[in-house]
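Trainee: Dropping in work-v5.txt, with compact mmCIF, C-alpha atoms (C1' of nucleotides).
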```txt
# COMPACT_ATOMS: atom_id res chain seq x y z
CA MET A 1 88.39 -5.64 153.52
CA ARG A 2 85.51 -4.08 155.47
CA LYS A 3 83.07 -5.46 152.95
CA LEU A 4 84.56 -8.93 153.02
CA GLY A 5 84.58 -8.79 156.80
CA SER A 6 80.93 -7.88 157.02
CA GLU A 7 80.18 -10.64 154.50
CA LEU A 8 81.72 -12.99 157.02
CA GLY A 9 79.98 -11.33 159.95
CA VAL A 10 83.18 -9.88 161.29
CA GLU A 11 85.08 -6.62 161.42
CA ALA A 12 87.66 -5.88 158.77
CA MET A 13 90.62 -6.13 161.06
CA ALA A 14 89.76 -9.66 162.06
CA LEU A 15 90.95 -10.76 158.63
CA TYR A 16 94.45 -9.65 159.50
CA HIS A 17 94.67 -12.48 161.94
CA TYR A 18 94.65 -14.89 159.00
CA PHE A 19 96.46 -12.87 156.32
CA PRO A 20 99.25 -10.36 156.82
CA SER A 21 97.86 -8.04 154.14
CA LYS A 22 95.24 -7.67 151.48
CA GLU A 23 97.77 -8.68 148.86
CA ALA A 24 98.51 -11.92 150.68
CA LEU A 25 94.80 -12.60 150.88
CA LEU A 26 94.43 -12.06 147.14
CA ASP A 27 97.41 -14.31 146.52
CA ALA A 28 95.59 -17.02 148.41
CA VAL A 29 92.49 -16.42 146.30
CA VAL A 30 94.57 -16.78 143.14
CA GLU A 31 96.05 -19.97 144.50
CA ARG A 32 92.58 -21.38 145.07
CA VAL A 33 91.46 -20.41 141.60
CA VAL A 34 94.50 -21.88 139.88
CA ALA A 35 94.03 -25.07 141.87
CA GLU A 36 90.76 -25.56 139.99
CA MET A 37 92.70 -26.62 136.93
CA LYS A 38 92.42 -30.32 136.28
CA PRO A 39 95.34 -32.48 135.22
CA PRO A 40 95.26 -33.61 131.59
CA ARG A 41 93.58 -36.95 131.01
CA ASP A 42 96.03 -39.78 131.09
CA ASP A 43 94.12 -42.18 128.87
CA GLY A 44 94.74 -42.38 125.15
CA GLY A 45 94.68 -39.11 123.33
CA SER A 46 97.42 -37.36 121.43
CA TRP A 47 99.62 -34.84 123.19
CA ASP A 48 98.10 -31.97 121.27
CA GLU A 49 94.59 -32.92 122.33
CA ARG A 50 95.65 -32.89 125.94
CA LEU A 51 97.46 -29.63 125.37
CA ARG A 52 94.31 -28.08 123.97
CA GLU A 53 92.44 -29.32 127.01
CA MET A 54 94.90 -27.62 129.34
CA LEU A 55 94.66 -24.34 127.49
CA HIS A 56 90.88 -24.39 127.47
CA SER A 57 90.92 -25.17 131.14
CA TYR A 58 93.19 -22.19 131.72
CA ARG A 59 90.97 -19.90 129.70
CA GLY A 60 88.02 -21.32 131.61
CA LEU A 61 89.46 -19.77 134.76
CA ALA A 62 89.01 -16.36 133.19
CA HIS A 63 85.37 -17.13 132.47
CA ALA A 64 84.69 -18.52 135.92
CA HIS A 65 86.55 -15.77 137.77
CA PRO A 66 86.88 -12.76 135.49
CA HIS A 67 87.84 -10.39 138.28
CA VAL A 68 90.47 -12.67 139.74
CA PHE A 69 92.04 -13.59 136.45
CA VAL A 70 93.95 -10.32 136.10
CA LEU A 71 95.89 -11.31 139.19
CA VAL A 72 96.83 -14.72 137.86
CA GLY A 73 99.65 -13.28 135.81
CA ARG A 74 101.50 -11.82 138.75
CA ARG A 75 104.58 -13.35 140.23
CA THR A 76 103.04 -14.15 143.57
CA VAL A 77 103.90 -17.80 143.69
CA ARG A 78 105.17 -18.77 147.08
CA LYS A 79 104.28 -22.43 147.12
CA PRO A 80 105.33 -24.51 144.13
CA GLU A 81 102.01 -26.36 144.36
CA ALA A 82 100.45 -23.44 142.55
CA LEU A 83 102.68 -24.28 139.61
CA GLN A 84 101.36 -27.80 139.22
CA PRO A 85 99.69 -26.98 135.88
CA VAL A 86 103.04 -25.70 134.64
CA GLU A 87 104.63 -29.02 135.49
CA TRP A 88 101.85 -30.88 133.67
CA THR A 89 102.19 -28.78 130.56
CA LEU A 90 105.95 -29.02 130.45
CA ASP A 91 105.67 -32.77 130.82
CA LEU A 92 103.23 -32.87 127.94
CA LEU A 93 105.57 -30.93 125.70
CA ARG A 94 108.61 -32.99 126.67
CA ARG A 95 106.74 -36.22 125.94
CA ALA A 96 105.69 -34.75 122.61
CA GLY A 97 109.34 -34.73 121.67
CA LEU A 98 110.64 -31.26 122.50
CA ASP A 99 113.94 -30.85 124.32
CA PRO A 100 113.86 -28.86 127.57
CA ALA A 101 114.82 -25.54 125.99
CA HIS A 102 112.17 -25.76 123.32
CA ALA A 103 109.60 -27.09 125.76
CA LEU A 104 110.12 -23.98 127.83
CA ALA A 105 109.85 -21.72 124.78
CA ALA A 106 106.70 -23.54 123.67
CA PHE A 107 105.23 -23.28 127.14
CA ARG A 108 105.85 -19.53 127.31
CA THR A 109 104.38 -19.06 123.86
CA LEU A 110 101.26 -21.03 124.62
CA SER A 111 100.70 -19.58 128.06
CA SER A 112 101.32 -16.03 126.89
CA TYR A 113 98.82 -16.51 124.12
CA ALA A 114 96.19 -18.04 126.37
CA PHE A 115 96.78 -15.46 129.07
CA GLY A 116 96.61 -12.56 126.66
CA TYR A 117 93.57 -13.88 124.88
CA ALA A 118 91.61 -14.70 128.01
CA LEU A 119 92.49 -11.41 129.63
CA SER A 120 91.47 -9.41 126.57
CA GLU A 121 88.30 -11.42 126.45
CA THR A 122 87.28 -10.67 130.02
CA ARG A 123 87.97 -6.97 129.54
CA GLY A 124 86.26 -6.89 126.18
CA PHE A 125 88.39 -6.85 123.07
CA ALA A 126 89.34 -3.37 121.96
CA LEU A 127 87.57 -3.82 118.63
CA GLN A 128 84.38 -5.14 120.18
CA PRO A 129 81.63 -2.56 120.64
CA ASP A 130 80.80 -2.07 124.29
CA PRO A 131 77.14 -2.97 124.88
CA GLU A 132 77.16 -1.03 128.14
CA ASP A 133 78.31 2.16 126.47
CA PRO A 134 76.56 2.61 123.12
CA SER A 135 78.07 6.08 122.79
CA GLY A 136 81.58 4.64 122.70
CA PHE A 137 83.62 3.29 119.84
CA ASP A 138 81.75 1.08 117.38
CA ILE A 139 83.71 -0.60 114.62
CA ARG A 140 80.57 -0.92 112.51
CA THR A 141 80.42 2.83 112.01
CA ILE A 142 84.11 3.37 111.34
CA ASP A 143 85.23 5.57 108.46
CA PRO A 144 85.83 3.10 105.61
CA THR A 145 88.17 5.41 103.69
CA ARG A 146 90.58 5.88 106.57
CA PHE A 147 90.27 2.40 108.04
CA PRO A 148 89.35 0.10 105.17
CA ARG A 149 90.80 -3.04 106.75
CA MET A 150 88.91 -2.56 109.98
CA ARG A 151 85.78 -1.90 108.00
CA GLU A 152 86.35 -5.20 106.21
CA VAL A 153 86.48 -7.25 109.39
CA ALA A 154 83.76 -5.34 111.24
CA ALA A 155 81.11 -7.94 110.49
CA HIS A 156 83.37 -10.75 111.69
CA VAL A 157 84.21 -8.87 114.85
CA VAL A 158 80.65 -8.46 116.02
CA ALA A 159 79.61 -12.01 115.08
CA CYS A 160 82.63 -13.75 116.50
CA ASP A 161 82.68 -17.16 118.13
CA HIS A 162 85.43 -16.73 120.68
CA ASP A 163 85.69 -20.42 121.42
CA ALA A 164 86.45 -21.13 117.78
CA GLU A 165 88.77 -18.15 117.48
CA PHE A 166 90.75 -19.21 120.53
CA GLU A 167 91.02 -22.68 119.05
CA ARG A 168 92.32 -21.33 115.76
CA GLY A 169 95.10 -19.54 117.58
CA ILE A 170 96.10 -22.79 119.21
CA ASP A 171 96.06 -24.40 115.78
CA PHE A 172 98.58 -21.90 114.51
CA ILE A 173 100.95 -22.46 117.39
CA ILE A 174 100.66 -26.22 117.46
CA ARG A 175 101.48 -26.34 113.79
CA GLY A 176 104.66 -24.50 114.60
CA LEU A 177 105.43 -26.93 117.41
CA ARG A 178 104.96 -29.87 115.10
CA ALA A 179 107.42 -28.40 112.63
CA GLN A 180 109.94 -27.98 115.44
CA ILE A 181 109.43 -31.58 116.56
CA ALA A 182 109.74 -32.89 113.03
CA SER A 183 113.02 -31.11 112.35
CA PRO A 184 114.67 -30.16 115.65
CA ASP A 185 117.87 -29.01 113.95
CA ALA A 186 116.33 -26.28 111.82
CA ALA A 187 116.55 -22.74 113.09
CA MET B 1 96.13 13.16 141.29
CA ARG B 2 97.59 15.35 144.05
CA LYS B 3 101.05 14.13 143.18
CA LEU B 4 100.60 14.76 139.48
CA GLY B 5 99.16 18.16 140.27
CA SER B 6 102.12 19.17 142.41
CA GLU B 7 104.42 17.85 139.69
CA LEU B 8 102.74 20.38 137.42
CA GLY B 9 102.76 23.09 140.08
CA VAL B 10 99.05 22.97 140.50
CA GLU B 11 96.40 21.65 142.86
CA ALA B 12 94.91 18.25 142.20
CA MET B 13 91.48 19.53 141.34
CA ALA B 14 92.82 21.70 138.52
CA LEU B 15 93.31 18.51 136.53
CA TYR B 16 89.58 17.96 136.50
CA HIS B 17 89.21 20.93 134.23
CA TYR B 18 90.95 18.95 131.51
CA PHE B 19 89.80 15.42 132.29
CA PRO B 20 86.48 14.36 133.75
CA SER B 21 88.08 11.66 135.90
CA LYS B 22 91.29 9.89 136.68
CA GLU B 23 90.25 7.07 134.40
CA ALA B 24 89.79 9.43 131.48
CA LEU B 25 93.22 10.87 132.17
CA LEU B 26 94.76 7.41 132.13
CA ASP B 27 92.94 6.65 128.90
CA ALA B 28 94.61 9.68 127.39
CA VAL B 29 97.98 8.47 128.64
CA VAL B 30 97.39 5.10 127.02
CA GLU B 31 96.46 6.84 123.80
CA ARG B 32 99.71 8.77 123.85
CA VAL B 33 101.73 5.65 124.52
CA VAL B 34 100.06 3.64 121.78
CA ALA B 35 100.65 6.52 119.39
CA GLU B 36 104.37 5.89 119.77
CA MET B 37 104.06 2.85 117.55
CA LYS B 38 105.60 3.42 114.15
CA PRO B 39 103.98 2.27 110.92
CA PRO B 40 105.68 -0.71 109.27
CA ARG B 41 108.34 0.17 106.72
CA ASP B 42 106.93 0.35 103.26
CA ASP B 43 110.11 -0.42 101.37
CA GLY B 44 110.97 -3.93 100.24
CA GLY B 45 110.77 -6.53 102.95
CA SER B 46 108.52 -9.53 103.24
CA TRP B 47 105.22 -9.27 105.07
CA ASP B 48 106.46 -11.43 107.90
CA GLU B 49 109.46 -9.22 108.48
CA ARG B 50 107.21 -6.22 108.78
CA LEU B 51 104.89 -8.19 111.01
CA ARG B 52 107.77 -9.03 113.32
CA GLU B 53 108.68 -5.38 113.40
CA MET B 54 105.17 -4.43 114.49
CA LEU B 55 105.15 -7.01 117.24
CA HIS B 56 108.52 -5.94 118.55
CA SER B 57 107.37 -2.36 118.49
CA TYR B 58 104.30 -3.36 120.50
CA ARG B 59 106.39 -5.24 123.03
CA GLY B 60 108.70 -2.25 123.12
CA LEU B 61 105.85 -0.22 124.60
CA ALA B 62 105.87 -2.52 127.59
CA HIS B 63 109.58 -1.94 128.08
CA ALA B 64 109.32 1.81 127.66
CA HIS B 65 106.23 2.17 129.85
CA PRO B 66 105.92 -0.88 132.08
CA HIS B 67 103.40 0.73 134.40
CA VAL B 68 101.16 1.97 131.63
CA PHE B 69 101.22 -1.21 129.62
CA VAL B 70 98.75 -3.02 131.89
CA LEU B 71 96.16 -0.49 130.84
CA VAL B 72 96.74 -0.95 127.14
CA GLY B 73 94.57 -4.04 127.08
CA ARG B 74 91.46 -2.27 128.26
CA ARG B 75 88.62 -1.35 126.02
CA THR B 76 88.98 2.38 126.44
CA VAL B 77 89.20 3.32 122.82
CA ARG B 78 87.14 6.39 122.08
CA LYS B 79 88.95 7.73 119.06
CA PRO B 80 89.67 5.30 116.24
CA GLU B 81 93.06 6.97 115.78
CA ALA B 82 94.29 4.90 118.69
CA LEU B 83 93.59 1.82 116.59
CA GLN B 84 95.90 2.86 113.77
CA PRO B 85 98.36 0.03 114.52
CA VAL B 86 95.47 -2.40 114.27
CA GLU B 87 94.69 -1.10 110.81
CA TRP B 88 98.33 -1.44 109.78
CA THR B 89 98.56 -5.00 111.02
CA LEU B 90 95.31 -6.06 109.42
CA ASP B 91 96.47 -4.56 106.15
CA LEU B 92 99.73 -6.50 106.41
CA LEU B 93 97.91 -9.76 106.95
CA ARG B 94 95.44 -9.13 104.15
CA ARG B 95 98.26 -8.34 101.73
CA ALA B 96 99.98 -11.51 102.85
CA GLY B 97 97.05 -13.39 101.39
CA LEU B 98 94.63 -14.00 104.25
CA ASP B 99 90.93 -13.39 103.78
CA PRO B 100 89.27 -10.95 106.20
CA ALA B 101 88.05 -13.62 108.61
CA HIS B 102 91.44 -15.27 108.88
CA ALA B 103 93.22 -11.93 109.02
CA LEU B 104 91.15 -11.11 112.07
CA ALA B 105 91.86 -14.48 113.67
CA ALA B 106 95.56 -14.09 112.94
CA PHE B 107 95.55 -10.58 114.36
CA ARG B 108 93.91 -11.69 117.57
CA THR B 109 96.32 -14.57 117.92
CA LEU B 110 99.38 -12.43 117.38
CA SER B 111 98.24 -9.55 119.53
CA SER B 112 97.10 -11.83 122.34
CA TYR B 113 100.46 -13.53 122.29
CA ALA B 114 102.42 -10.30 122.25
CA PHE B 115 100.20 -8.73 124.90
CA GLY B 116 100.40 -11.74 127.18
CA TYR B 117 104.13 -12.14 126.72
CA ALA B 118 104.96 -8.49 127.24
CA LEU B 119 102.69 -8.20 130.24
CA SER B 120 104.13 -11.31 131.89
CA GLU B 121 107.56 -9.94 131.17
CA THR B 122 106.96 -6.62 132.88
CA ARG B 123 105.50 -8.31 135.92
CA GLY B 124 108.20 -10.92 135.98
CA PHE B 125 107.42 -14.39 134.71
CA ALA B 126 106.00 -16.66 137.36
CA LEU B 127 108.90 -19.09 136.98
CA GLN B 128 111.57 -16.41 137.19
CA PRO B 129 113.12 -15.96 140.63
CA ASP B 130 112.39 -12.53 142.05
CA PRO B 131 115.68 -10.70 142.64
CA GLU B 132 113.94 -8.29 144.99
CA ASP B 133 112.63 -11.07 147.21
CA PRO B 134 115.27 -13.77 147.60
CA SER B 135 113.10 -15.53 150.17
CA GLY B 136 110.40 -16.17 147.59
CA PHE B 137 109.99 -18.96 145.12
CA ASP B 138 113.13 -20.04 143.32
CA ILE B 139 112.87 -22.63 140.58
CA ARG B 140 116.51 -23.59 141.04
CA THR B 141 115.78 -25.09 144.44
CA ILE B 142 112.59 -26.89 143.48
CA ASP B 143 112.02 -30.48 144.57
CA PRO B 144 113.19 -32.53 141.57
CA THR B 145 111.16 -35.61 142.50
CA ARG B 146 107.84 -33.76 142.59
CA PHE B 147 108.56 -31.34 139.76
CA PRO B 148 111.07 -33.05 137.49
CA ARG B 149 110.09 -31.10 134.40
CA MET B 150 110.47 -27.76 136.08
CA ARG B 151 113.82 -28.89 137.45
CA GLU B 152 114.84 -29.72 133.90
CA VAL B 153 114.16 -26.25 132.55
CA ALA B 154 115.38 -24.34 135.60
CA ALA B 155 118.73 -23.53 134.05
CA HIS B 156 117.09 -22.24 130.89
CA VAL B 157 114.67 -20.13 132.88
CA VAL B 158 117.31 -18.18 134.74
CA ALA B 159 119.56 -17.74 131.70
CA CYS B 160 116.84 -16.78 129.26
CA ASP B 161 117.17 -14.31 126.43
CA HIS B 162 113.68 -12.87 126.29
CA ASP B 163 114.21 -11.20 122.94
CA ALA B 164 115.05 -14.53 121.37
CA GLU B 165 112.27 -16.32 123.21
CA PHE B 166 109.71 -13.78 122.08
CA GLU B 167 110.97 -14.21 118.53
CA ARG B 168 110.62 -17.98 118.71
CA GLY B 169 106.98 -17.59 119.67
CA ILE B 170 106.41 -15.42 116.64
CA ASP B 171 108.12 -18.10 114.56
CA PHE B 172 105.63 -20.69 115.72
CA ILE B 173 102.65 -18.55 114.88
CA ILE B 174 103.93 -17.30 111.54
CA ARG B 175 104.55 -20.87 110.47
CA GLY B 176 100.90 -21.53 111.18
CA LEU B 177 99.89 -18.47 109.19
CA ARG B 178 101.96 -19.60 106.23
CA ALA B 179 100.24 -22.97 106.26
CA GLN B 180 96.87 -21.21 106.26
CA ILE B 181 97.91 -19.01 103.34
CA ALA B 182 99.29 -21.95 101.38
CA SER B 183 96.10 -24.01 101.70
CA PRO B 184 93.18 -21.70 102.57
CA ASP B 185 90.62 -24.47 102.19
CA ALA B 186 92.01 -26.78 104.86
CA ALA B 187 90.40 -26.71 108.27
C1' DA C 1 93.54 -20.17 189.94
C1' DC C 2 96.67 -18.89 186.39
C1' DC C 3 98.40 -17.87 182.09
C1' DA C 4 99.10 -18.41 176.99
C1' DT C 5 96.99 -18.24 172.95
C1' DA C 6 93.53 -17.40 169.39
C1' DG C 7 90.28 -14.53 167.80
C1' DT C 8 87.88 -10.25 167.60
C1' DC C 9 86.75 -5.32 168.12
C1' DT C 10 87.71 -0.25 168.52
C1' DT C 11 89.94 3.57 167.29
C1' DA C 12 92.73 6.24 164.50
C1' DC C 13 96.02 7.66 160.73
C1' DG C 14 97.26 8.72 156.21
C1' DC C 15 96.02 8.01 151.85
C1' DT C 16 92.80 8.08 147.74
C1' DG C 17 89.34 10.15 144.02
C1' DT C 18 86.33 13.78 143.54
C1' DA C 19 81.94 16.87 144.57
C1' DT C 20 81.16 21.58 145.64
C1' DC C 21 81.97 26.17 145.36
C1' DA C 22 84.66 30.35 145.70
C1' DA C 23 88.39 32.98 143.68
C1' DT C 24 91.12 34.54 140.10
C1' DG C 25 92.77 35.71 135.31
C1' DT C 26 91.63 36.87 130.48
C1' DC C 27 89.42 38.87 126.80
C1' DA C 28 85.53 40.69 123.91
C1' DA C 29 81.60 43.75 123.63
C1' DC C 30 79.43 47.85 124.73
C1' DG D 1 86.24 51.76 131.31
C1' DT D 2 83.16 48.93 132.73
C1' DT D 3 80.77 44.66 132.30
C1' DG D 4 79.97 40.07 131.72
C1' DA D 5 81.29 35.54 130.06
C1' DC D 6 84.33 32.05 130.39
C1' DA D 7 88.65 29.54 131.30
C1' DT D 8 91.40 28.16 134.91
C1' DT D 9 92.78 27.42 139.55
C1' DG D 10 92.35 27.03 144.65
C1' DA D 11 90.21 25.67 149.14
C1' DT D 12 87.58 22.73 151.67
C1' DA D 13 85.27 18.64 152.58
C1' DC D 14 83.61 13.86 152.27
C1' DA D 15 83.47 8.98 151.86
C1' DG D 16 86.11 5.37 150.99
C1' DC D 17 90.45 2.65 151.39
C1' DG D 18 94.36 -0.48 153.77
C1' DT D 19 96.19 -1.11 158.06
C1' DA D 20 98.98 0.06 162.60
C1' DA D 21 98.20 -0.22 167.61
C1' DG D 22 96.24 -1.92 171.31
C1' DA D 23 92.34 -3.51 174.28
C1' DC D 24 89.06 -6.98 175.01
C1' DT D 25 87.05 -11.79 175.35
C1' DA D 26 87.00 -16.78 175.09
C1' DT D 27 89.26 -21.10 175.33
C1' DG D 28 92.14 -24.77 176.86
C1' DG D 29 96.22 -26.52 179.41
C1' DT D 30 98.62 -26.62 183.69
```
For this file, produce the structure as structure tokens.
Mentor:
Amino acid sequence: MRKLGSELGVEAMALYHYFPSKEALLDAVVERVVAEMKPPRDDGGSWDERLREMLHSYRGLAHAHPHVFVLVGRRTVRKPEALQPVEWTLDLLRRAGLDPAHALAAFRTLSSYAFGYALSETRGFALQPDPEDPSGFDIRTIDPTRFPRMREVAAHVVACDHDAEFERGIDFIIRGLRAQIASPDAA
Amino acid sequence: MRKLGSELGVEAMALYHYFPSKEALLDAVVERVVAEMKPPRDDGGSWDERLREMLHSYRGLAHAHPHVFVLVGRRTVRKPEALQPVEWTLDLLRRAGLDPAHALAAFRTLSSYAFGYALSETRGFALQPDPEDPSGFDIRTIDPTRFPRMREVAAHVVACDHDAEFERGIDFIIRGLRAQIASPDAA
DNA sequence: ACCATAGTCTTACGCTGTATCAATGTCAAC
DNA sequence: GTTGACATTGATACAGCGTAAGACTATGGT
């Protein structure tokens, strides 16, 4: 607070005239960040293309604001406006042919995936060697007799295109959604 | 630190004989928590059943240690032992028929999903009304003309079986994995 | 001229992690 | 039996944090 205040040429306590607490201030920051998400294009384009767009836009928040993104997952929503992207996505899924219950399940699946992936990405995946701490864990030097599977994927881990990997995850899920849409009665 | 110290009948600074910093101490806590994960059963049982078991076990950590779980996602791995569950899961996926690159992609998809879902769950999903703050956002009273889709799912949100919902998400992804295994050459 | 209001500053309190260093307990070597 | 090394703990202190309480100033309406 003191730092932010001095950034604004003001004492820390002046901020409390505008926000009741630091948490409320951060909530407002989150609100601003989430508001950066753009609605899906309304022109031609299949539902899954627009869905992909939404998810990439969501992940983009993590890239643009890595420090804020951790806070996005909290239940701090006071104004429903902050949930506009949720409304968009649900609408997308409903138009794709899912009933409300499945649209909700699909939404939670997709958003959990995107949230988890983007968050892991900003913190550095556990398997990824940390360039800032060369003394730390490095999958490339792992004991191949005890961890043969990790040894196997080590090369792929260090030379990983995260954009493509994120997209592949969406592929998996969308395939599942399509199956649900095609045969809504199946378990 | 002072609190933990007094819990142990000791001054706060005594802890620094065993851990160089609070962060290192928390890393050790995370290690202990992750070590609670059990290896997948080795008896008969399809790979996807064992995979489900792993994911439920992972999510179970969040239920058993909701405050610690946020820290699980950090790259704080120093000893590869803490990555034993990763090795198990990779092995599962490889045996299921995925090549190393796809096994890694599948692992990241599944773990991101489970991590994101479990984390959102412990914090309370954004859509879920907060029982501790009845004055906050409540999806049941949302404006149906501005947010028709959210209005539609409101009933399902409040009466949601998270176990089943989590399972449905796994269904989606596993279906995608099966398609990849069936036709490895497709995009 | 008066007062309400908005905006800011000052001071202070209790909390945090931890650097520094002194004190103690323990045990092996001489 | 004394000594010295080392493991462990305690005491004190410091800089940082969020924020409660209240005083001060500036502004605009009456």
Trainee: Tell me as a list in words which residues belonging to chain B come within 12 Å of chain C, counting only C-alpha atoms (C1' of nucleotides).
Mentor: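 For chain B, the answer reads Met1, Arg2, Lys3, Ala12, Met13, Ala14, Leu15, Tyr16, Phe19, Pro20, Ser21, Lys22 and Glu23 of chain B.
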Trainee: Kindly indicate which residue among D:DG18, D:DT30, D:DT25, D:DT12 lies nearest to chain A, using all atoms listed in the file for the distances.
Mentor: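 Answer, going by the shortest atom-to-atom distance: D:DG18.
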Trainee: What does the distance from CA of Ser57 in chain B to CA of Pro85 in chain B come to in Å, to one decimal?
Mentor: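 Atom-to-atom, CA of Ser57 in chain B to CA of Pro85 in chain B, that is 10.1 Å.
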Trainee: Restrict the calculation to all atoms listed in the file, then for each residue of range 36-78 of chain A with any atom at most 9 Å from an atom of range 110-120 of chain A give the closest atom pair and their distance in Å to one decimal, rows by chain and rising residue number, as a tab-separated table.
Mentor:
```
residue	atom	partner	partner_atom	distance
A:Leu55	CA	A:Ala114	CA	6.6
A:His56	CA	A:Ala114	CA	8.4
A:Tyr58	CA	A:Ala114	CA	7.4
A:Arg59	CA	A:Ala118	CA	5.5
A:Gly60	CA	A:Ala118	CA	8.3
A:Leu61	CA	A:Ala118	CA	8.7
A:Ala62	CA	A:Ala118	CA	6.0
A:His63	CA	A:Ala118	CA	8.0
A:Pro66	CA	A:Leu119	CA	8.2
A:Phe69	CA	A:Leu119	CA	7.2
A:Val70	CA	A:Leu119	CA	6.7
A:Val72	CA	A:Phe115	CA	8.8
A:Gly73	CA	A:Phe115	CA	7.6
```
Trainee: Show which residues sit within 12 Å of range 92-94 of chain A, as JSON, numbers by chain. Count only C-alpha atoms (C1' of nucleotides), and ignore same-chain residues fewer than 5 positions away.
Mentor: {"A": [39, 40, 41, 42, 45, 46, 47, 48, 49, 50, 51, 52, 53, 54, 85, 86, 87, 99, 100, 101, 102, 103, 104, 105, 106, 107, 108, 110, 174, 177, 178, 180, 181], "B": [148, 149, 150, 152, 153]}
Trainee: Suppose you want the space between CA of Ser135 in chain A and CA of Val77 in chain B; what is it in Å?
Mentor: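 One can read the CA of Ser135 in chain A to CA of Val77 in chain B distance as 11.5 Å.
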Trainee: Have a look at B:Val30, B:Ala96, B:Val158, B:Leu90 and name the one nearest to chain A; count all atoms listed in the file.
Mentor: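 Of the candidates, the smallest distance to chain A is held by B:Leu90.
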Trainee: For chain D, which residues have at least one atom within 8 Å of chain B, if we go by all atoms listed in the file? Write them as a PyMOL selection string, please.
Mentor: chain D and resi 8-10
Trainee: Would you write out those residues with C-alpha atoms (C1' of nucleotides), as a compact mmCIF listing (two decimals), in the coordinates of the input?
Mentor:
```
# COMPACT_ATOMS: atom_id res chain seq x y z
C1' DT D 8 91.40 28.16 134.91
C1' DT D 9 92.78 27.42 139.55
C1' DG D 10 92.35 27.03 144.65
```
Trainee: A:Met37, A:Cys160, A:Val29, A:Leu8: which is nearest chain B, counting all atoms listed in the file?
Mentor: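 Residue with the minimum atom-to-atom distance to chain B: A:Cys160.
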Trainee: Which one is closest to chain B: A:Thr109, A:Asp143, A:Pro184, A:Thr122? Count all atoms listed in the file.
Mentor: A:Thr109
Trainee: So how many Å separate CA of Lys79 in chain B and CA of Asp161 in chain A, to one decimal?
Mentor: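 Between these atoms lies a distance of 25.7 Å.
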